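A.B. asks: Contents of input31.cif (mmCIF, N, CA and C atoms) are given next:
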data_model
loop_
_atom_site.label_atom_id
_atom_site.label_comp_id
_atom_site.auth_asym_id
_atom_site.auth_seq_id
_atom_site.Cartn_x
_atom_site.Cartn_y
_atom_site.Cartn_z
N MET D 1 82.78 142.25 185.33
CA MET D 1 81.98 141.11 184.95
C MET D 1 80.51 141.51 185.00
N HIS D 2 79.73 141.00 184.08
CA HIS D 2 78.29 141.27 184.02
C HIS D 2 77.62 140.77 185.30
N PRO D 3 76.66 141.52 185.83
CA PRO D 3 76.01 141.07 187.06
C PRO D 3 75.26 139.75 186.93
N ALA D 4 74.87 139.37 185.73
CA ALA D 4 74.17 138.11 185.54
C ALA D 4 75.11 136.94 185.23
N ALA D 5 76.42 137.19 185.21
CA ALA D 5 77.36 136.10 184.94
C ALA D 5 77.19 135.02 185.99
N PRO D 6 77.08 133.77 185.57
CA PRO D 6 76.86 132.68 186.52
C PRO D 6 78.09 132.42 187.38
N HIS D 7 77.85 132.08 188.64
CA HIS D 7 78.95 131.78 189.56
C HIS D 7 78.87 130.38 190.15
N THR D 8 77.66 129.88 190.40
CA THR D 8 77.55 128.53 190.97
C THR D 8 77.58 127.51 189.84
N ARG D 9 77.87 126.29 190.22
CA ARG D 9 77.91 125.23 189.20
C ARG D 9 76.55 125.07 188.53
N ALA D 10 75.48 125.16 189.30
CA ALA D 10 74.13 125.04 188.74
C ALA D 10 73.83 126.20 187.78
N GLN D 11 74.23 127.41 188.16
CA GLN D 11 74.01 128.56 187.28
C GLN D 11 74.83 128.43 185.99
N ILE D 12 76.07 128.00 186.13
CA ILE D 12 76.93 127.83 184.96
C ILE D 12 76.33 126.79 184.02
N ALA D 13 75.85 125.67 184.56
CA ALA D 13 75.24 124.63 183.74
C ALA D 13 73.98 125.15 183.06
N ALA D 14 73.15 125.90 183.78
CA ALA D 14 71.92 126.44 183.20
C ALA D 14 72.23 127.43 182.09
N GLU D 15 73.21 128.30 182.29
CA GLU D 15 73.59 129.27 181.26
C GLU D 15 74.21 128.58 180.05
N ALA D 16 74.97 127.52 180.28
CA ALA D 16 75.54 126.77 179.17
C ALA D 16 74.44 126.15 178.33
N LEU D 17 73.44 125.59 178.99
CA LEU D 17 72.31 125.00 178.27
C LEU D 17 71.54 126.07 177.50
N ALA D 18 71.33 127.24 178.11
CA ALA D 18 70.65 128.35 177.43
C ALA D 18 71.44 128.78 176.19
N ALA D 19 72.75 128.82 176.30
CA ALA D 19 73.59 129.20 175.16
C ALA D 19 73.46 128.17 174.04
N VAL D 20 73.43 126.89 174.39
CA VAL D 20 73.27 125.83 173.39
C VAL D 20 71.91 125.97 172.71
N HIS D 21 70.88 126.23 173.49
CA HIS D 21 69.55 126.40 172.91
C HIS D 21 69.48 127.63 172.00
N ALA D 22 70.35 128.61 172.26
CA ALA D 22 70.39 129.81 171.42
C ALA D 22 71.25 129.61 170.18
N GLY D 23 71.93 128.46 170.07
CA GLY D 23 72.70 128.17 168.87
C GLY D 23 74.17 127.90 169.07
N ALA D 24 74.67 127.97 170.30
CA ALA D 24 76.09 127.71 170.53
C ALA D 24 76.42 126.25 170.21
N GLN D 25 77.58 126.04 169.62
CA GLN D 25 78.05 124.69 169.34
C GLN D 25 79.09 124.24 170.36
N SER D 26 79.57 125.16 171.14
CA SER D 26 80.48 124.84 172.23
C SER D 26 80.26 125.89 173.31
N VAL D 27 80.72 125.60 174.51
CA VAL D 27 80.60 126.55 175.60
C VAL D 27 81.96 126.78 176.23
N HIS D 28 82.12 127.93 176.82
CA HIS D 28 83.35 128.35 177.49
C HIS D 28 82.93 128.72 178.91
N VAL D 29 83.53 128.11 179.89
CA VAL D 29 83.11 128.36 181.28
C VAL D 29 84.26 128.91 182.11
N HIS D 30 83.87 129.64 183.15
CA HIS D 30 84.81 130.14 184.15
C HIS D 30 84.42 129.51 185.48
N PRO D 31 85.08 128.43 185.89
CA PRO D 31 84.74 127.78 187.16
C PRO D 31 85.08 128.67 188.37
N PHE D 32 84.31 128.48 189.43
CA PHE D 32 84.52 129.18 190.69
C PHE D 32 84.72 128.16 191.80
N ASP D 33 85.52 128.54 192.79
CA ASP D 33 85.72 127.65 193.93
C ASP D 33 84.59 127.84 194.94
N ASP D 34 84.65 127.13 196.04
CA ASP D 34 83.59 127.20 197.06
C ASP D 34 83.53 128.55 197.76
N ASN D 35 84.57 129.36 197.61
CA ASN D 35 84.57 130.71 198.19
C ASN D 35 84.12 131.78 197.21
N GLY D 36 83.76 131.36 196.00
CA GLY D 36 83.25 132.30 195.01
C GLY D 36 84.31 132.97 194.15
N ALA D 37 85.55 132.48 194.20
CA ALA D 37 86.63 133.05 193.40
C ALA D 37 86.82 132.21 192.13
N GLN D 38 87.07 132.89 190.99
CA GLN D 38 87.38 132.15 189.78
C GLN D 38 88.63 131.33 190.00
N THR D 39 88.65 130.14 189.43
CA THR D 39 89.78 129.25 189.65
C THR D 39 90.00 128.33 188.46
N LEU D 40 91.23 127.89 188.31
CA LEU D 40 91.58 126.83 187.37
C LEU D 40 92.05 125.59 188.13
N ALA D 41 91.79 125.56 189.44
CA ALA D 41 92.15 124.40 190.25
C ALA D 41 91.39 123.18 189.72
N PRO D 42 92.05 122.02 189.70
CA PRO D 42 91.45 120.84 189.06
C PRO D 42 90.07 120.44 189.59
N GLU D 43 89.89 120.38 190.90
CA GLU D 43 88.61 119.87 191.43
C GLU D 43 87.42 120.77 191.10
N PRO D 44 87.48 122.08 191.36
CA PRO D 44 86.33 122.92 190.97
C PRO D 44 86.06 122.90 189.46
N CYS D 45 87.13 122.83 188.66
CA CYS D 45 86.95 122.75 187.21
C CYS D 45 86.24 121.45 186.83
N ALA D 46 86.68 120.35 187.41
CA ALA D 46 86.07 119.05 187.09
C ALA D 46 84.60 119.02 187.49
N VAL D 47 84.29 119.51 188.68
CA VAL D 47 82.90 119.50 189.16
C VAL D 47 82.03 120.38 188.27
N THR D 48 82.55 121.54 187.86
CA THR D 48 81.80 122.44 186.99
C THR D 48 81.57 121.82 185.63
N ILE D 49 82.61 121.24 185.06
CA ILE D 49 82.47 120.61 183.74
C ILE D 49 81.50 119.44 183.79
N ARG D 50 81.52 118.68 184.88
CA ARG D 50 80.55 117.58 185.02
C ARG D 50 79.13 118.12 185.08
N ALA D 51 78.93 119.24 185.78
CA ALA D 51 77.59 119.84 185.86
C ALA D 51 77.12 120.31 184.48
N VAL D 52 78.02 120.90 183.71
CA VAL D 52 77.67 121.35 182.37
C VAL D 52 77.34 120.15 181.48
N ARG D 53 78.15 119.12 181.55
CA ARG D 53 77.92 117.93 180.73
C ARG D 53 76.61 117.25 181.10
N ALA D 54 76.25 117.29 182.37
CA ALA D 54 74.98 116.71 182.80
C ALA D 54 73.81 117.49 182.21
N ALA D 55 73.99 118.80 182.04
CA ALA D 55 72.93 119.64 181.46
C ALA D 55 72.83 119.42 179.95
N TRP D 56 73.94 119.20 179.31
CA TRP D 56 73.95 118.96 177.87
C TRP D 56 75.13 118.07 177.55
N ARG D 57 74.88 116.90 177.08
CA ARG D 57 75.89 115.84 176.99
C ARG D 57 76.94 115.99 175.90
N ARG D 58 76.73 116.81 174.87
CA ARG D 58 77.66 116.79 173.74
C ARG D 58 78.47 118.07 173.57
N GLN D 59 78.51 118.93 174.54
CA GLN D 59 79.21 120.20 174.36
C GLN D 59 80.72 120.04 174.45
N ARG D 60 81.40 121.01 173.91
CA ARG D 60 82.85 121.13 174.10
C ARG D 60 83.05 122.33 175.01
N SER D 61 84.04 122.29 175.85
CA SER D 61 84.30 123.44 176.71
C SER D 61 85.79 123.73 176.75
N SER D 62 86.13 124.94 177.11
CA SER D 62 87.53 125.33 177.20
C SER D 62 87.74 126.10 178.49
N ARG D 63 88.99 126.24 178.91
CA ARG D 63 89.28 126.94 180.15
C ARG D 63 90.26 128.08 179.91
N TYR D 64 90.02 128.87 178.89
CA TYR D 64 90.89 130.01 178.66
C TYR D 64 90.03 131.25 178.53
N THR D 65 90.64 132.41 178.69
CA THR D 65 89.88 133.65 178.60
C THR D 65 90.48 134.53 177.52
N VAL D 66 89.62 135.09 176.70
CA VAL D 66 90.03 136.06 175.67
C VAL D 66 88.92 137.08 175.54
N GLY D 67 89.25 138.20 174.94
CA GLY D 67 88.24 139.21 174.68
C GLY D 67 88.00 140.10 175.88
N ASP D 68 87.42 141.26 175.61
CA ASP D 68 87.12 142.19 176.69
C ASP D 68 86.06 143.17 176.22
N GLY D 69 84.88 143.09 176.79
CA GLY D 69 83.82 144.05 176.51
C GLY D 69 83.45 144.12 175.05
N ILE D 70 83.09 145.30 174.63
CA ILE D 70 82.61 145.49 173.25
C ILE D 70 83.69 145.18 172.22
N ALA D 71 84.95 145.26 172.61
CA ALA D 71 86.04 144.94 171.68
C ALA D 71 85.97 143.48 171.22
N SER D 72 85.35 142.62 172.01
CA SER D 72 85.20 141.22 171.61
C SER D 72 84.42 141.09 170.32
N TRP D 73 83.45 141.98 170.12
CA TRP D 73 82.65 141.91 168.89
C TRP D 73 83.50 142.27 167.67
N ALA D 74 84.43 143.19 167.82
CA ALA D 74 85.32 143.54 166.70
C ALA D 74 86.22 142.34 166.37
N VAL D 75 86.68 141.64 167.40
CA VAL D 75 87.50 140.44 167.17
C VAL D 75 86.68 139.40 166.43
N ASN D 76 85.42 139.21 166.87
CA ASN D 76 84.56 138.23 166.21
C ASN D 76 84.31 138.61 164.75
N ARG D 77 84.06 139.89 164.49
CA ARG D 77 83.81 140.34 163.11
C ARG D 77 85.01 140.05 162.20
N ARG D 78 86.22 140.20 162.74
CA ARG D 78 87.42 139.92 161.94
C ARG D 78 87.65 138.43 161.79
N ALA D 79 87.26 137.64 162.78
CA ALA D 79 87.51 136.20 162.75
C ALA D 79 86.62 135.47 161.76
N ILE D 80 85.37 135.90 161.65
CA ILE D 80 84.39 135.17 160.83
C ILE D 80 84.84 135.02 159.38
N PRO D 81 85.19 136.10 158.67
CA PRO D 81 85.56 135.90 157.26
C PRO D 81 86.87 135.13 157.08
N ARG D 82 87.64 135.00 158.15
CA ARG D 82 88.89 134.25 158.08
C ARG D 82 88.68 132.76 158.39
N GLY D 83 87.41 132.41 158.70
CA GLY D 83 87.10 131.01 158.97
C GLY D 83 87.40 130.55 160.38
N HIS D 84 87.66 131.48 161.29
CA HIS D 84 87.95 131.12 162.68
C HIS D 84 86.65 130.97 163.46
N GLY D 85 86.67 130.13 164.47
CA GLY D 85 85.55 130.04 165.39
C GLY D 85 85.49 131.31 166.23
N ILE D 86 84.30 131.63 166.72
CA ILE D 86 84.15 132.79 167.59
C ILE D 86 83.54 132.35 168.91
N ARG D 87 83.67 133.18 169.92
CA ARG D 87 83.09 132.88 171.23
C ARG D 87 82.58 134.17 171.85
N THR D 88 81.66 134.00 172.79
CA THR D 88 81.15 135.12 173.55
C THR D 88 80.64 134.61 174.88
N GLY D 89 80.56 135.46 175.86
CA GLY D 89 80.04 135.08 177.18
C GLY D 89 80.06 136.26 178.13
N LEU D 90 79.16 136.22 179.10
CA LEU D 90 79.02 137.33 180.04
C LEU D 90 80.28 137.66 180.81
N GLU D 91 81.15 136.67 181.00
CA GLU D 91 82.35 136.95 181.80
C GLU D 91 83.30 137.92 181.13
N ASP D 92 83.30 137.96 179.81
CA ASP D 92 84.19 138.86 179.07
C ASP D 92 83.44 139.91 178.26
N THR D 93 82.24 139.57 177.85
CA THR D 93 81.49 140.42 176.93
C THR D 93 80.11 140.70 177.51
N PRO D 94 79.99 141.67 178.40
CA PRO D 94 78.69 141.92 179.04
C PRO D 94 77.72 142.70 178.15
N VAL D 95 78.19 143.17 177.00
CA VAL D 95 77.35 144.01 176.14
C VAL D 95 77.14 143.37 174.78
N LEU D 96 76.05 143.77 174.15
CA LEU D 96 75.73 143.34 172.79
C LEU D 96 76.54 144.17 171.80
N PRO D 97 76.56 143.80 170.53
CA PRO D 97 77.36 144.56 169.56
C PRO D 97 77.03 146.05 169.50
N ASP D 98 75.79 146.41 169.83
CA ASP D 98 75.41 147.83 169.80
C ASP D 98 75.71 148.56 171.11
N GLY D 99 76.32 147.86 172.07
CA GLY D 99 76.71 148.48 173.34
C GLY D 99 75.70 148.32 174.46
N ARG D 100 74.50 147.79 174.17
CA ARG D 100 73.51 147.58 175.23
C ARG D 100 73.93 146.41 176.11
N LEU D 101 73.62 146.50 177.40
CA LEU D 101 73.91 145.42 178.34
C LEU D 101 73.07 144.20 177.97
N ALA D 102 73.72 143.04 177.86
CA ALA D 102 73.01 141.81 177.53
C ALA D 102 72.22 141.34 178.75
N ASP D 103 71.08 140.69 178.50
CA ASP D 103 70.31 140.11 179.60
C ASP D 103 70.92 138.80 180.07
N GLY D 104 71.63 138.10 179.19
CA GLY D 104 72.21 136.82 179.54
C GLY D 104 73.02 136.27 178.40
N ASN D 105 73.60 135.09 178.62
CA ASN D 105 74.41 134.46 177.58
C ASN D 105 73.61 134.15 176.33
N GLY D 106 72.33 133.83 176.49
CA GLY D 106 71.50 133.55 175.33
C GLY D 106 71.45 134.72 174.36
N ASP D 107 71.34 135.94 174.90
CA ASP D 107 71.34 137.14 174.05
C ASP D 107 72.66 137.27 173.28
N LEU D 108 73.76 137.00 173.97
CA LEU D 108 75.07 137.12 173.34
C LEU D 108 75.24 136.08 172.24
N VAL D 109 74.82 134.85 172.52
CA VAL D 109 74.95 133.79 171.52
C VAL D 109 74.07 134.09 170.31
N ALA D 110 72.85 134.60 170.57
CA ALA D 110 71.97 134.96 169.45
C ALA D 110 72.62 136.04 168.58
N ALA D 111 73.27 137.02 169.21
CA ALA D 111 73.95 138.08 168.44
C ALA D 111 75.11 137.49 167.64
N ALA D 112 75.86 136.58 168.25
CA ALA D 112 76.97 135.94 167.53
C ALA D 112 76.45 135.09 166.38
N ALA D 113 75.36 134.36 166.62
CA ALA D 113 74.78 133.54 165.56
C ALA D 113 74.29 134.41 164.40
N ALA D 114 73.74 135.59 164.73
CA ALA D 114 73.30 136.51 163.69
C ALA D 114 74.49 137.01 162.87
N MET D 115 75.63 137.27 163.53
CA MET D 115 76.84 137.68 162.81
C MET D 115 77.26 136.59 161.84
N LEU D 116 77.23 135.35 162.31
CA LEU D 116 77.62 134.23 161.44
C LEU D 116 76.66 134.10 160.27
N ALA D 117 75.38 134.22 160.53
CA ALA D 117 74.38 134.10 159.47
C ALA D 117 74.54 135.24 158.45
N ASP D 118 74.82 136.44 158.93
CA ASP D 118 74.99 137.58 158.03
C ASP D 118 76.20 137.43 157.13
N SER D 119 77.19 136.67 157.58
CA SER D 119 78.41 136.53 156.80
C SER D 119 78.41 135.29 155.92
N ALA D 120 77.36 134.46 156.04
CA ALA D 120 77.31 133.23 155.26
C ALA D 120 77.13 133.53 153.79
N PRO D 121 77.84 132.82 152.92
CA PRO D 121 77.68 133.02 151.47
C PRO D 121 76.26 132.63 151.06
N GLU D 122 75.74 133.35 150.09
CA GLU D 122 74.38 133.06 149.61
C GLU D 122 74.39 132.07 148.50
#
Let me see the file written as structure tokens.
C.D. replies:
Amino acid sequence: MHPAAPHTRAQIAAEALAAVHAGAQSVHVHPFDDNGAQTLAPEPCAVTIRAVRAAWRRQRSSRYTVGDGIASWAVNRRAIPRGHGIRTGLEDTPVLPDGRLADGNGDLVAAAAAMLADSAPE
């Protein structure tokens, strides 16, 4: 996992808002319990989702994981022309399409938005 990946509810909410400001239309979060372990337990998930919604009221979120490292960008490149939605985030994709370490989720979302813009019909 990327060292800047958010772990606290406040960090997750702040990164979600940064991703939205960078162009994300939905966010994908990995909730953590009070001991710092990733979890799908109902209460930590609910508290995390409430924190994200408080930061930005209209987002959609999911609780599944896909992708791994730079290979995620290849998946995104194949998905775009097929009309599928794409996703990115520090928890699965710590690097940019060129292999450089991302500074944060905003960098990843900007790269994904650029991919979408590059593939848009003229």
A.B. asks: For a quick check of understanding, using all atoms listed in the file, which of D:Ser119, D:Ala5, D:Ile49, D:Val20 has the smallest distance to Gly106 in chain D?
C.D. replies: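 Nearest candidate to Gly106 in chain D out of D:Ser119, D:Ala5, D:Ile49, D:Val20: D:Val20.
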A.B. asks: Any idea what's packed within 8 Å of Pro94 in chain D, counting only N, CA and C atoms, ignoring anything in its chain fewer than 3 positions away? Could you give it as a list in words?
C.D. replies: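 My list of contacting residues is Met1, His2, Pro3, Asp68, Gly69, Ile70, Thr88, Gly89, Leu90, Glu91, Pro97, Gly99, Arg100, Leu101, Ala102, Asp103, Gly104 and Leu108 of chain D.
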A.B. asks: Range 8-111 of chain D: which residues are helix (DSSP H, G or I) by DSSP, as a VMD selection string?
C.D. replies: chain D and resid 9 to 21 42 to 55 71 to 82 105 to 111
A.B. asks: Counting only C-alpha atoms, which residues come within 12 Å of (78.9, 127.9, 173.7), with the point read in the file's coordinates, and could you list them as an NGL selection string?
C.D. replies: :D and (12-29 or 52 or 56 or 58-62 or 85-90 or 105-110 or 112-113)
A.B. asks: How far is it from atom N of Asp118 in chain D to atom N of Leu96 in chain D, in Å with one decimal?
C.D. replies: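 Computing it gives 16.9 Å between the two atoms.
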A.B. asks: Among range 17-46 of chain D, which residues does DSSP mark as strand (DSSP E or B) when it is run on the backbone? Keep the chain and numbering as in the structure and answer as a PDB file with N, CA and C atoms, in the coordinates of the input.
C.D. replies:
ATOM      1  N   VAL D  27      80.720 125.600 174.510  1.00  0.00           N
ATOM      2  CA  VAL D  27      80.600 126.550 175.600  1.00  0.00           C
ATOM      3  C   VAL D  27      81.960 126.780 176.230  1.00  0.00           C
ATOM      4  N   HIS D  28      82.120 127.930 176.820  1.00  0.00           N
ATOM      5  CA  HIS D  28      83.350 128.350 177.490  1.00  0.00           C
ATOM      6  C   HIS D  28      82.930 128.720 178.910  1.00  0.00           C
ATOM      7  N   PHE D  32      84.310 128.480 189.430  1.00  0.00           N
ATOM      8  CA  PHE D  32      84.520 129.180 190.690  1.00  0.00           C
ATOM      9  C   PHE D  32      84.720 128.160 191.800  1.00  0.00           C
ATOM     10  N   GLN D  38      87.070 132.890 190.990  1.00  0.00           N
ATOM     11  CA  GLN D  38      87.380 132.150 189.780  1.00  0.00           C
ATOM     12  C   GLN D  38      88.630 131.330 190.000  1.00  0.00           C
TER      13      GLN D  38
END
A.B. asks: Quick one: pull the distance between CA of Ala71 in chain D and CA of Gly83 in chain D, Å, one decimal.
C.D. replies: 18.9 Å
A.B. asks: CA of Gln38 in chain D to CA of His7 in chain D: how many Å, to one decimal?
C.D. replies: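 CA of His7 in chain D lies at a distance of 8.4 Å from CA of Gln38 in chain D.
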A.B. asks: Give the padded box for range 49-53 of chain D as JSON: axis-aligned, covering all atoms listed in the file, 5 Å on each side, centre and edge lengths in Å to one decimal.
C.D. replies:
{"center_x": 79.6, "center_y": 119.3, "center_z": 183.3, "size_x": 16.0, "size_y": 14.1, "size_z": 15.1}
A.B. asks: Could you tell me, as a PyMOL selection string, which residues have any atom at most 12 Å from (78.6, 135.0, 155.4), counting only C-alpha atoms?
C.D. replies: chain D and resi 77+79-83+113-122
A.B. asks: When you count all atoms listed in the file, which of these residues is closest to Pro6 in chain D: D:Thr48, D:Glu43, D:Phe32, D:Arg53?
C.D. replies: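 Using all atoms listed in the file, Pro6 in chain D sits closest to D:Phe32.
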